[in-house]
Amino acid sequence: MAFDIDMIKKVYDQMTERVDKAREVVGKPLTLSEKILYSHLWDGNATQAFTRSKDYVDFAPDRIACQDATAQMALLQFMQAGKPNVAVPTTVHCDHLIQAKQGAKADLKRANETSNEVFDFLESVSKKYGIGFWKPGAGIIHQVVLENYAFPGGMMIGTDSHTVNAGGLGMVAIGVGGADAVDVMAGMPWELKFPKLIGVKLTGKLNGWTAAKDVILKVAGILTVKGGTGAIIEYFGPGAKSMSCTGKGTICNMGAEVGATTSTFGYDESMERFLRATDRSDVADAANAVKDYLTADPEVYETPEDYFDEVIEINLDELRPHLNGPFTPDLATPVSEMKDKAKKNDWPIKVDWGLIGSCTNSSYEDLTRAASIAKQAVDKKIVAKSDFGINPGSEQIRYTAERDGILKIFEDLNATIFTNACGPCIGQWDRSDLKGDEKNTIVHSFNRNFSKRADGNPNTHAFVGSPEMVAAIAISGRLDFDPLNDTLLNEDGEEVKLDVPSGIELPPKGFDVEDAGYVEPVSDGSDVDVKVAEDSERLQLLTPFEPWDGKNLTDAKLLIKAFGKCTTDHISMAGPWLRYRGHLDNISNNCLIGAVNAYNKQTNFVKDQLTGEYDAVPKVQRHYKEKGIPTVVVGDHNYGEGSSREHAAMEPRYLGVKVVLVKSFARIHETNLKKQGMLGITFANEADYDLIQEDDTFNFIDLEDFAPDKQLTIEIVHEDGSKDTIKANHTYNLPQIEWYKEGSALNLIKKQNKS
């Protein structure tokens, strides 16, 4: 039986009326995305048709999911809101703070010893406020959500950018910062600019070596890392219906890598099969009763160009396996072309590691497809040339895969089975085979491959592929290996060819598990004591940010002008820094240390205008803060791309940065800046980025007149006394300007609660 079945039935009960009313108001057939959005309006039935990419709309999400790294700050903020319980069903999943090193048992034991303070805090806060808690080792948040909480037609937000994974089960599931989640936990509406819609029509059927992962690798190559910004991607067509539910989840998961608000698929038989296989026949039955409302109206898919802002068509019969990378997930290369491309770009051909798992590809089907390749290697006497690491998606999957002999196949190939957790995908990997900055190549089935992400080495060339392709390439030990055409030498000196992979969508004997790792919240948590030690290095109670004084911002110094790609990994690194995610002061010591200084092309080395000396970014910024000097960060396109981590907004805010001025923002990061009371603005003329000099001072001439749709005027004073005056755009509406005035969105919530 499903969690929160009464809530799900309520969503379906009101969905028919709300969708019918929305269709009447909009005056035309609706996409699935529109049906879900309009049926989750905070004010109930639709009274107006919203303009895509323009109107800010208040929504009422059905549930919230938080992972342990981001949950700390989200719950520390919620504790300030003065509420006795969360207003909507919420869960916390401990999956980020477990480092992959020796193997599942040893790694989990070490994590429970080194992060027990954080796990105990999260469990106690969960008990106090009515939150479901998933223990360390229970699984990766998005796989656990897919198996237990996701449901067709629902709306969910989560404090992780890959919350979008639940679109594989027909949800509109969106990654947000912790402050957004706190709003909803506190019973407030959740605001989103009504998204554009991109339709992806899938024809044909996956075959041979081509996997669901190759669909999104292809889409990433088409849209690039920012092509989906501000849009929901809706997949449809006969090719979509032919895929498994978890395959759909893989595609939606990696939609975060093209900047999409989320991605989704219409309800179909594969989703029904998955619901019944995961003991949620009650949800399947309820969904079947309203199934016409859980997909687009027929007219939409018949003439998609009339209903979507952009339409992409992919013929799965013709789609070929891809590898994307290195250093960016949108550099798409068909495997058949890798030989020439790798040689041309001088990418290291030898592959040191093949890593299978992460929230993107850790389902039962994923493991069986990769295992079918691994078994061939064993049976055909092929010795794997690369090291193997496997992260099952959940304890339910791990237990079932072990029962069915799947894990043993990998172990026979000398693979290391890591904990059911994120591990190397988010930099939680103690990689012992390399030291320093040695140039090398790894292949993995993860979603992101930014520089330094997996192992901290800027020269690790990481390539993204399907689990079966990762297995084949790791076995060969060569990046340029094409299993469709190439052969391998076995121990007997014979040339052998790998057969086409095969997978099992759902376990024939059903899923099984002894202890899934779930801790149910207590019915009354009022007596639960949440303790945070004053001398803790891991946790720190929050102090509210100061409100704006209402005056123009003057004499602000440039902290850093970031050159090129500046993701949340550059602004607030993960890896070893995850241990400080609940301690704002300590984690602020990683603020912008990965950003490249445009003036010397170095990281973590910027000029302190007060001393003329160069030093680490956090140290220079702390000096400015000590002297009461405001600062500005300048950036390029898609600033804040990547994770939902609000630390990338909270750290500069805490250290005294007042403004982030860039060519363009990634959606989640722009919202996070607004929520924390920061001024996040864009160049009206992108070429003005080039005017910014290393010793500049900024005067905001008309900030006192801060208003929606009104440009801001900035006077830039250069070291030689010369000046440039530029214009900046912003997307703040009236409520968001109130966040800025009060110092943060949370400050406004607390003020409203008191009144």
# chains A, B, ... in the order shown; residues from 1 in each chain; ligands from 1
$ select_by_dssp --residues "stretch 594-721 of chain A" --states "alpha helix (DSSP H)" --output "list in words"
Val617, Pro618, Lys619, Val620, Gln621, Arg622, His623, Tyr624, Lys625, Glu626, His647, Ala648, Ala649, Met650, Glu651, Pro652, Arg653, Tyr654, Leu655, Arg667, Ile668, His669, Glu670, Thr671, Asn672, Leu673, Lys674 and Lys675 of chain A
$ residues_around --residues "A:Leu367" --least-positions-apart "3" --cutoff "12 Å" --atoms "only C-alpha atoms" --output "ChimeraX atom specification"
/A:246,355-358,360-364,370-375,389-394,397-398,400-402,404-410,417,445,466-471,501-507
$ residues_around --residues "A:Ala60" --least-positions-apart "2" --cutoff "6 Å" --atoms "only C-alpha atoms" --output "compact mmCIF listing (two decimals) with all heavy atoms, in the first residue's frame"
# COMPACT_ATOMS: atom_id res chain seq x y z
N HIS A 40 -2.86 22.25 -9.70
CA HIS A 40 -2.18 22.48 -8.43
C HIS A 40 -2.06 23.97 -8.10
O HIS A 40 -1.17 24.38 -7.34
CB HIS A 40 -0.80 21.83 -8.45
CG HIS A 40 -0.83 20.35 -8.28
ND1 HIS A 40 -1.06 19.49 -9.34
CD2 HIS A 40 -0.70 19.56 -7.19
CE1 HIS A 40 -1.04 18.24 -8.91
NE2 HIS A 40 -0.83 18.26 -7.61
N LEU A 41 -2.95 24.77 -8.63
CA LEU A 41 -2.94 26.20 -8.30
C LEU A 41 -3.29 26.41 -6.84
O LEU A 41 -4.21 25.77 -6.31
CB LEU A 41 -3.92 26.96 -9.19
CG LEU A 41 -3.63 26.97 -10.70
CD1 LEU A 41 -4.74 27.70 -11.44
CD2 LEU A 41 -2.27 27.60 -10.98
N TRP A 42 -2.59 27.29 -6.21
CA TRP A 42 -2.81 27.57 -4.78
C TRP A 42 -4.25 28.05 -4.53
O TRP A 42 -4.85 27.71 -3.51
CB TRP A 42 -1.80 28.63 -4.31
CG TRP A 42 -1.96 29.03 -2.88
CD1 TRP A 42 -2.58 30.15 -2.39
CD2 TRP A 42 -1.52 28.30 -1.72
NE1 TRP A 42 -2.54 30.16 -1.02
CE2 TRP A 42 -1.89 29.05 -0.58
CE3 TRP A 42 -0.83 27.10 -1.55
CZ2 TRP A 42 -1.59 28.62 0.72
CZ3 TRP A 42 -0.55 26.67 -0.26
CH2 TRP A 42 -0.93 27.43 0.86
N PRO A 189 2.28 29.17 -0.12
CA PRO A 189 2.32 28.78 -1.53
C PRO A 189 3.75 28.76 -2.05
O PRO A 189 4.65 29.40 -1.49
CB PRO A 189 1.50 29.87 -2.22
CG PRO A 189 1.59 31.06 -1.32
CD PRO A 189 1.65 30.50 0.08
$ closest_residue --among "A:Lys101, A:His93, A:Lys435, A:Lys128" --to "A:Ser526" --atoms "only C-alpha atoms"
A:Lys128
$ residues_around --residues "stretch 677-679 of chain A" --least-positions-apart "3" --cutoff "8 Å" --atoms "only C-alpha atoms" --output "VMD selection string"
chain A and resid 545 547 649 653 658 to 660 673 to 674 739 to 745
$ write_last_selection --atoms "C-alpha atoms" --output "compact mmCIF listing (two decimals), in the first residue's frame"
# COMPACT_ATOMS: atom_id res chain seq x y z
CA PHE A 545 20.08 38.05 7.65
CA PRO A 547 17.01 43.64 6.18
CA ALA A 649 23.53 31.67 -2.45
CA ARG A 653 25.13 36.40 1.41
CA LYS A 658 25.38 42.16 -1.92
CA VAL A 659 25.00 41.67 -5.68
CA VAL A 660 25.51 38.97 -8.29
CA LEU A 673 19.61 34.31 -4.47
CA LYS A 674 16.24 36.04 -4.28
CA TRP A 739 11.94 39.34 0.34
CA TYR A 740 14.78 41.67 -0.58
CA LYS A 741 13.50 44.44 1.68
CA GLU A 742 13.09 42.10 4.66
CA GLY A 743 16.52 40.51 4.17
CA SER A 744 15.22 37.07 3.11
CA ALA A 745 12.02 35.22 2.30
$ closest_residue --among "A:Glu686, A:Asp366, A:Asp95, A:Glu438" --to "A:Thr70" --atoms "only C-alpha atoms"
A:Asp95
$ residues_around --residues "A:Val92" --least-positions-apart "5" --cutoff "7 Å" --atoms "only C-alpha atoms" --output "list in words"
Ala65, Cys66, Gln67, Asp68, Ala71, Gly132, Phe133 and Trp134 of chain A
$ write_last_selection --atoms "C-alpha atoms" --output "PDB file, in the first residue's frame"
ATOM      1  CA  ALA A  65      11.702  15.404  -0.581  1.00  0.00           C
ATOM      2  CA  CYS A  66      15.047  16.441   0.954  1.00  0.00           C
ATOM      3  CA  GLN A  67      18.465  14.801   0.838  1.00  0.00           C
ATOM      4  CA  ASP A  68      20.746  14.925   3.854  1.00  0.00           C
ATOM      5  CA  ALA A  71      18.081  19.017   4.384  1.00  0.00           C
ATOM      6  CA  GLY A 132       9.495  10.628   7.225  1.00  0.00           C
ATOM      7  CA  PHE A 133      13.152   9.660   7.672  1.00  0.00           C
ATOM      8  CA  TRP A 134      15.187   7.275   5.511  1.00  0.00           C
TER       9      TRP A 134
END
$ residues_around --residues "A:Ile681" --least-positions-apart "2" --cutoff "9 Å" --atoms "only C-alpha atoms" --output "NGL selection string"
:A and (659-665 or 670 or 679 or 683 or 712 or 728-731)
$ residues_around --residues "A:Val176" --least-positions-apart "3" --cutoff "9 Å" --atoms "only C-alpha atoms" --output "JSON, numbers by chain"
{"A": [157, 158, 159, 160, 161, 163, 179, 180, 181, 644, 645, 646, 668, 669, 671, 672]}
$ closest_residue --among "A:Asp480, A:Asp214, A:Glu269, A:Glu514" --to "A:Lys343" --atoms "only C-alpha atoms"
A:Asp480
$ select_by_dssp --residues "stretch 4-66 of chain A" --states "strand (DSSP E or B)" --output "VMD selection string"
chain A and resid 41 56 to 59 63 to 66
$ atom_distance --atom1 "atom CA of A:Lys21" --atom2 "atom CA of A:Thr47"
8.3 Å
$ closest_residue --among "A:Pro521, A:Pro348, A:Asp297, A:Gly249" --to "A:Val86" --atoms "only C-alpha atoms"
A:Pro521
$ atom_distance --atom1 "atom CA of A:Phe308" --atom2 "atom CA of A:Val26"
14.2 Å
$ closest_residue --among "A:Lys196, A:Lys601, A:Lys226, A:Arg273" --to "A:Glu310" --atoms "only C-alpha atoms"
A:Lys196
$ closest_residue --among "A:Lys751, A:Lys28, A:Lys205, A:Lys531" --to "A:Asp306" --atoms "only C-alpha atoms"
A:Lys28
$ decode --residues "stretch 67-103 of chain A" --atoms "N, CA and C atoms" --output "PDB file, in the first residue's frame"
ATOM      1  N   GLN A  67      17.330  15.674   0.545  1.00  0.00           N
ATOM      2  CA  GLN A  67      18.465  14.801   0.838  1.00  0.00           C
ATOM      3  C   GLN A  67      19.302  15.394   1.970  1.00  0.00           C
ATOM      4  N   ASP A  68      20.105  14.551   2.596  1.00  0.00           N
ATOM      5  CA  ASP A  68      20.746  14.925   3.854  1.00  0.00           C
ATOM      6  C   ASP A  68      21.650  16.143   3.762  1.00  0.00           C
ATOM      7  N   ALA A  69      22.324  16.340   2.629  1.00  0.00           N
ATOM      8  CA  ALA A  69      23.234  17.477   2.521  1.00  0.00           C
ATOM      9  C   ALA A  69      22.466  18.792   2.503  1.00  0.00           C
ATOM     10  N   THR A  70      21.354  18.843   1.764  1.00  0.00           N
ATOM     11  CA  THR A  70      20.567  20.075   1.693  1.00  0.00           C
ATOM     12  C   THR A  70      19.526  20.155   2.804  1.00  0.00           C
ATOM     13  N   ALA A  71      19.108  19.014   3.340  1.00  0.00           N
ATOM     14  CA  ALA A  71      18.081  19.017   4.384  1.00  0.00           C
ATOM     15  C   ALA A  71      18.553  19.743   5.634  1.00  0.00           C
ATOM     16  N   GLN A  72      19.838  19.686   5.893  1.00  0.00           N
ATOM     17  CA  GLN A  72      20.345  20.339   7.111  1.00  0.00           C
ATOM     18  C   GLN A  72      19.988  21.820   7.123  1.00  0.00           C
ATOM     19  N   MET A  73      20.341  22.516   6.054  1.00  0.00           N
ATOM     20  CA  MET A  73      20.077  23.950   6.010  1.00  0.00           C
ATOM     21  C   MET A  73      18.593  24.235   5.873  1.00  0.00           C
ATOM     22  N   ALA A  74      17.878  23.393   5.119  1.00  0.00           N
ATOM     23  CA  ALA A  74      16.439  23.596   4.976  1.00  0.00           C
ATOM     24  C   ALA A  74      15.741  23.469   6.326  1.00  0.00           C
ATOM     25  N   LEU A  75      16.102  22.451   7.093  1.00  0.00           N
ATOM     26  CA  LEU A  75      15.436  22.240   8.375  1.00  0.00           C
ATOM     27  C   LEU A  75      15.901  23.227   9.432  1.00  0.00           C
ATOM     28  N   LEU A  76      17.149  23.660   9.353  1.00  0.00           N
ATOM     29  CA  LEU A  76      17.596  24.730  10.255  1.00  0.00           C
ATOM     30  C   LEU A  76      16.780  25.995  10.007  1.00  0.00           C
ATOM     31  N   GLN A  77      16.445  26.249   8.737  1.00  0.00           N
ATOM     32  CA  GLN A  77      15.591  27.396   8.429  1.00  0.00           C
ATOM     33  C   GLN A  77      14.160  27.155   8.898  1.00  0.00           C
ATOM     34  N   PHE A  78      13.652  25.925   8.685  1.00  0.00           N
ATOM     35  CA  PHE A  78      12.272  25.640   9.099  1.00  0.00           C
ATOM     36  C   PHE A  78      12.106  25.786  10.615  1.00  0.00           C
ATOM     37  N   MET A  79      13.144  25.445  11.355  1.00  0.00           N
ATOM     38  CA  MET A  79      13.075  25.574  12.812  1.00  0.00           C
ATOM     39  C   MET A  79      12.828  27.018  13.242  1.00  0.00           C
ATOM     40  N   GLN A  80      13.203  27.969  12.384  1.00  0.00           N
ATOM     41  CA  GLN A  80      12.975  29.382  12.707  1.00  0.00           C
ATOM     42  C   GLN A  80      11.557  29.841  12.384  1.00  0.00           C
ATOM     43  N   ALA A  81      10.815  29.027  11.633  1.00  0.00           N
ATOM     44  CA  ALA A  81       9.507  29.461  11.146  1.00  0.00           C
ATOM     45  C   ALA A  81       8.421  29.409  12.213  1.00  0.00           C
ATOM     46  N   GLY A  82       8.677  28.714  13.327  1.00  0.00           N
ATOM     47  CA  GLY A  82       7.720  28.673  14.419  1.00  0.00           C
ATOM     48  C   GLY A  82       6.513  27.793  14.177  1.00  0.00           C
ATOM     49  N   LYS A  83       6.658  26.755  13.356  1.00  0.00           N
ATOM     50  CA  LYS A  83       5.550  25.853  13.050  1.00  0.00           C
ATOM     51  C   LYS A  83       5.721  24.533  13.805  1.00  0.00           C
ATOM     52  N   PRO A  84       4.623  23.917  14.287  1.00  0.00           N
ATOM     53  CA  PRO A  84       4.751  22.654  15.037  1.00  0.00           C
ATOM     54  C   PRO A  84       4.969  21.434  14.144  1.00  0.00           C
ATOM     55  N   ASN A  85       4.485  21.476  12.899  1.00  0.00           N
ATOM     56  CA  ASN A  85       4.608  20.351  11.978  1.00  0.00           C
ATOM     57  C   ASN A  85       4.698  20.868  10.548  1.00  0.00           C
ATOM     58  N   VAL A  86       5.251  20.022   9.670  1.00  0.00           N
ATOM     59  CA  VAL A  86       5.256  20.383   8.250  1.00  0.00           C
ATOM     60  C   VAL A  86       3.828  20.321   7.729  1.00  0.00           C
ATOM     61  N   ALA A  87       3.522  21.202   6.790  1.00  0.00           N
ATOM     62  CA  ALA A  87       2.159  21.330   6.289  1.00  0.00           C
ATOM     63  C   ALA A  87       1.828  20.317   5.204  1.00  0.00           C
ATOM     64  N   VAL A  88       2.842  19.764   4.541  1.00  0.00           N
ATOM     65  CA  VAL A  88       2.618  18.749   3.505  1.00  0.00           C
ATOM     66  C   VAL A  88       3.544  17.572   3.779  1.00  0.00           C
ATOM     67  N   PRO A  89       3.216  16.373   3.265  1.00  0.00           N
ATOM     68  CA  PRO A  89       4.089  15.214   3.483  1.00  0.00           C
ATOM     69  C   PRO A  89       5.519  15.496   3.024  1.00  0.00           C
ATOM     70  N   THR A  90       6.474  15.214   3.899  1.00  0.00           N
ATOM     71  CA  THR A  90       7.882  15.525   3.643  1.00  0.00           C
ATOM     72  C   THR A  90       8.742  14.348   4.073  1.00  0.00           C
ATOM     73  N   THR A  91       9.812  14.108   3.339  1.00  0.00           N
ATOM     74  CA  THR A  91      10.758  13.056   3.715  1.00  0.00           C
ATOM     75  C   THR A  91      12.187  13.578   3.649  1.00  0.00           C
ATOM     76  N   VAL A  92      13.053  12.958   4.448  1.00  0.00           N
ATOM     77  CA  VAL A  92      14.491  13.229   4.445  1.00  0.00           C
ATOM     78  C   VAL A  92      15.208  11.921   4.128  1.00  0.00           C
ATOM     79  N   HIS A  93      16.188  11.978   3.227  1.00  0.00           N
ATOM     80  CA  HIS A  93      16.896  10.787   2.763  1.00  0.00           C
ATOM     81  C   HIS A  93      18.402  10.967   2.954  1.00  0.00           C
ATOM     82  N   CYS A  94      19.038  10.053   3.669  1.00  0.00           N
ATOM     83  CA  CYS A  94      20.467  10.158   3.958  1.00  0.00           C
ATOM     84  C   CYS A  94      21.273   9.396   2.906  1.00  0.00           C
ATOM     85  N   ASP A  95      21.681  10.115   1.863  1.00  0.00           N
ATOM     86  CA  ASP A  95      22.376   9.456   0.754  1.00  0.00           C
ATOM     87  C   ASP A  95      23.647  10.169   0.305  1.00  0.00           C
ATOM     88  N   HIS A  96      23.855  11.415   0.731  1.00  0.00           N
ATOM     89  CA  HIS A  96      24.976  12.199   0.226  1.00  0.00           C
ATOM     90  C   HIS A  96      26.233  12.106   1.092  1.00  0.00           C
ATOM     91  N   LEU A  97      26.089  11.764   2.335  1.00  0.00           N
ATOM     92  CA  LEU A  97      27.208  11.853   3.279  1.00  0.00           C
ATOM     93  C   LEU A  97      27.918  10.525   3.494  1.00  0.00           C
ATOM     94  N   ILE A  98      27.856   9.651   2.503  1.00  0.00           N
ATOM     95  CA  ILE A  98      28.491   8.331   2.603  1.00  0.00           C
ATOM     96  C   ILE A  98      29.567   8.238   1.532  1.00  0.00           C
ATOM     97  N   GLN A  99      30.798   8.197   1.947  1.00  0.00           N
ATOM     98  CA  GLN A  99      31.910   8.183   0.998  1.00  0.00           C
ATOM     99  C   GLN A  99      32.198   6.770   0.507  1.00  0.00           C
ATOM    100  N   ALA A 100      32.337   6.650  -0.810  1.00  0.00           N
ATOM    101  CA  ALA A 100      32.675   5.360  -1.413  1.00  0.00           C
ATOM    102  C   ALA A 100      34.183   5.140  -1.329  1.00  0.00           C
ATOM    103  N   LYS A 101      34.561   4.009  -0.756  1.00  0.00           N
ATOM    104  CA  LYS A 101      35.993   3.733  -0.618  1.00  0.00           C
ATOM    105  C   LYS A 101      36.280   2.237  -0.694  1.00  0.00           C
ATOM    106  N   GLN A 102      35.864   1.501   0.330  1.00  0.00           N
ATOM    107  CA  GLN A 102      36.211   0.083   0.435  1.00  0.00           C
ATOM    108  C   GLN A 102      35.097  -0.842  -0.035  1.00  0.00           C
ATOM    109  N   GLY A 103      33.864  -0.421   0.150  1.00  0.00           N
ATOM    110  CA  GLY A 103      32.718  -1.263  -0.146  1.00  0.00           C
ATOM    111  C   GLY A 103      31.586  -0.926   0.802  1.00  0.00           C
TER     112      GLY A 103
END
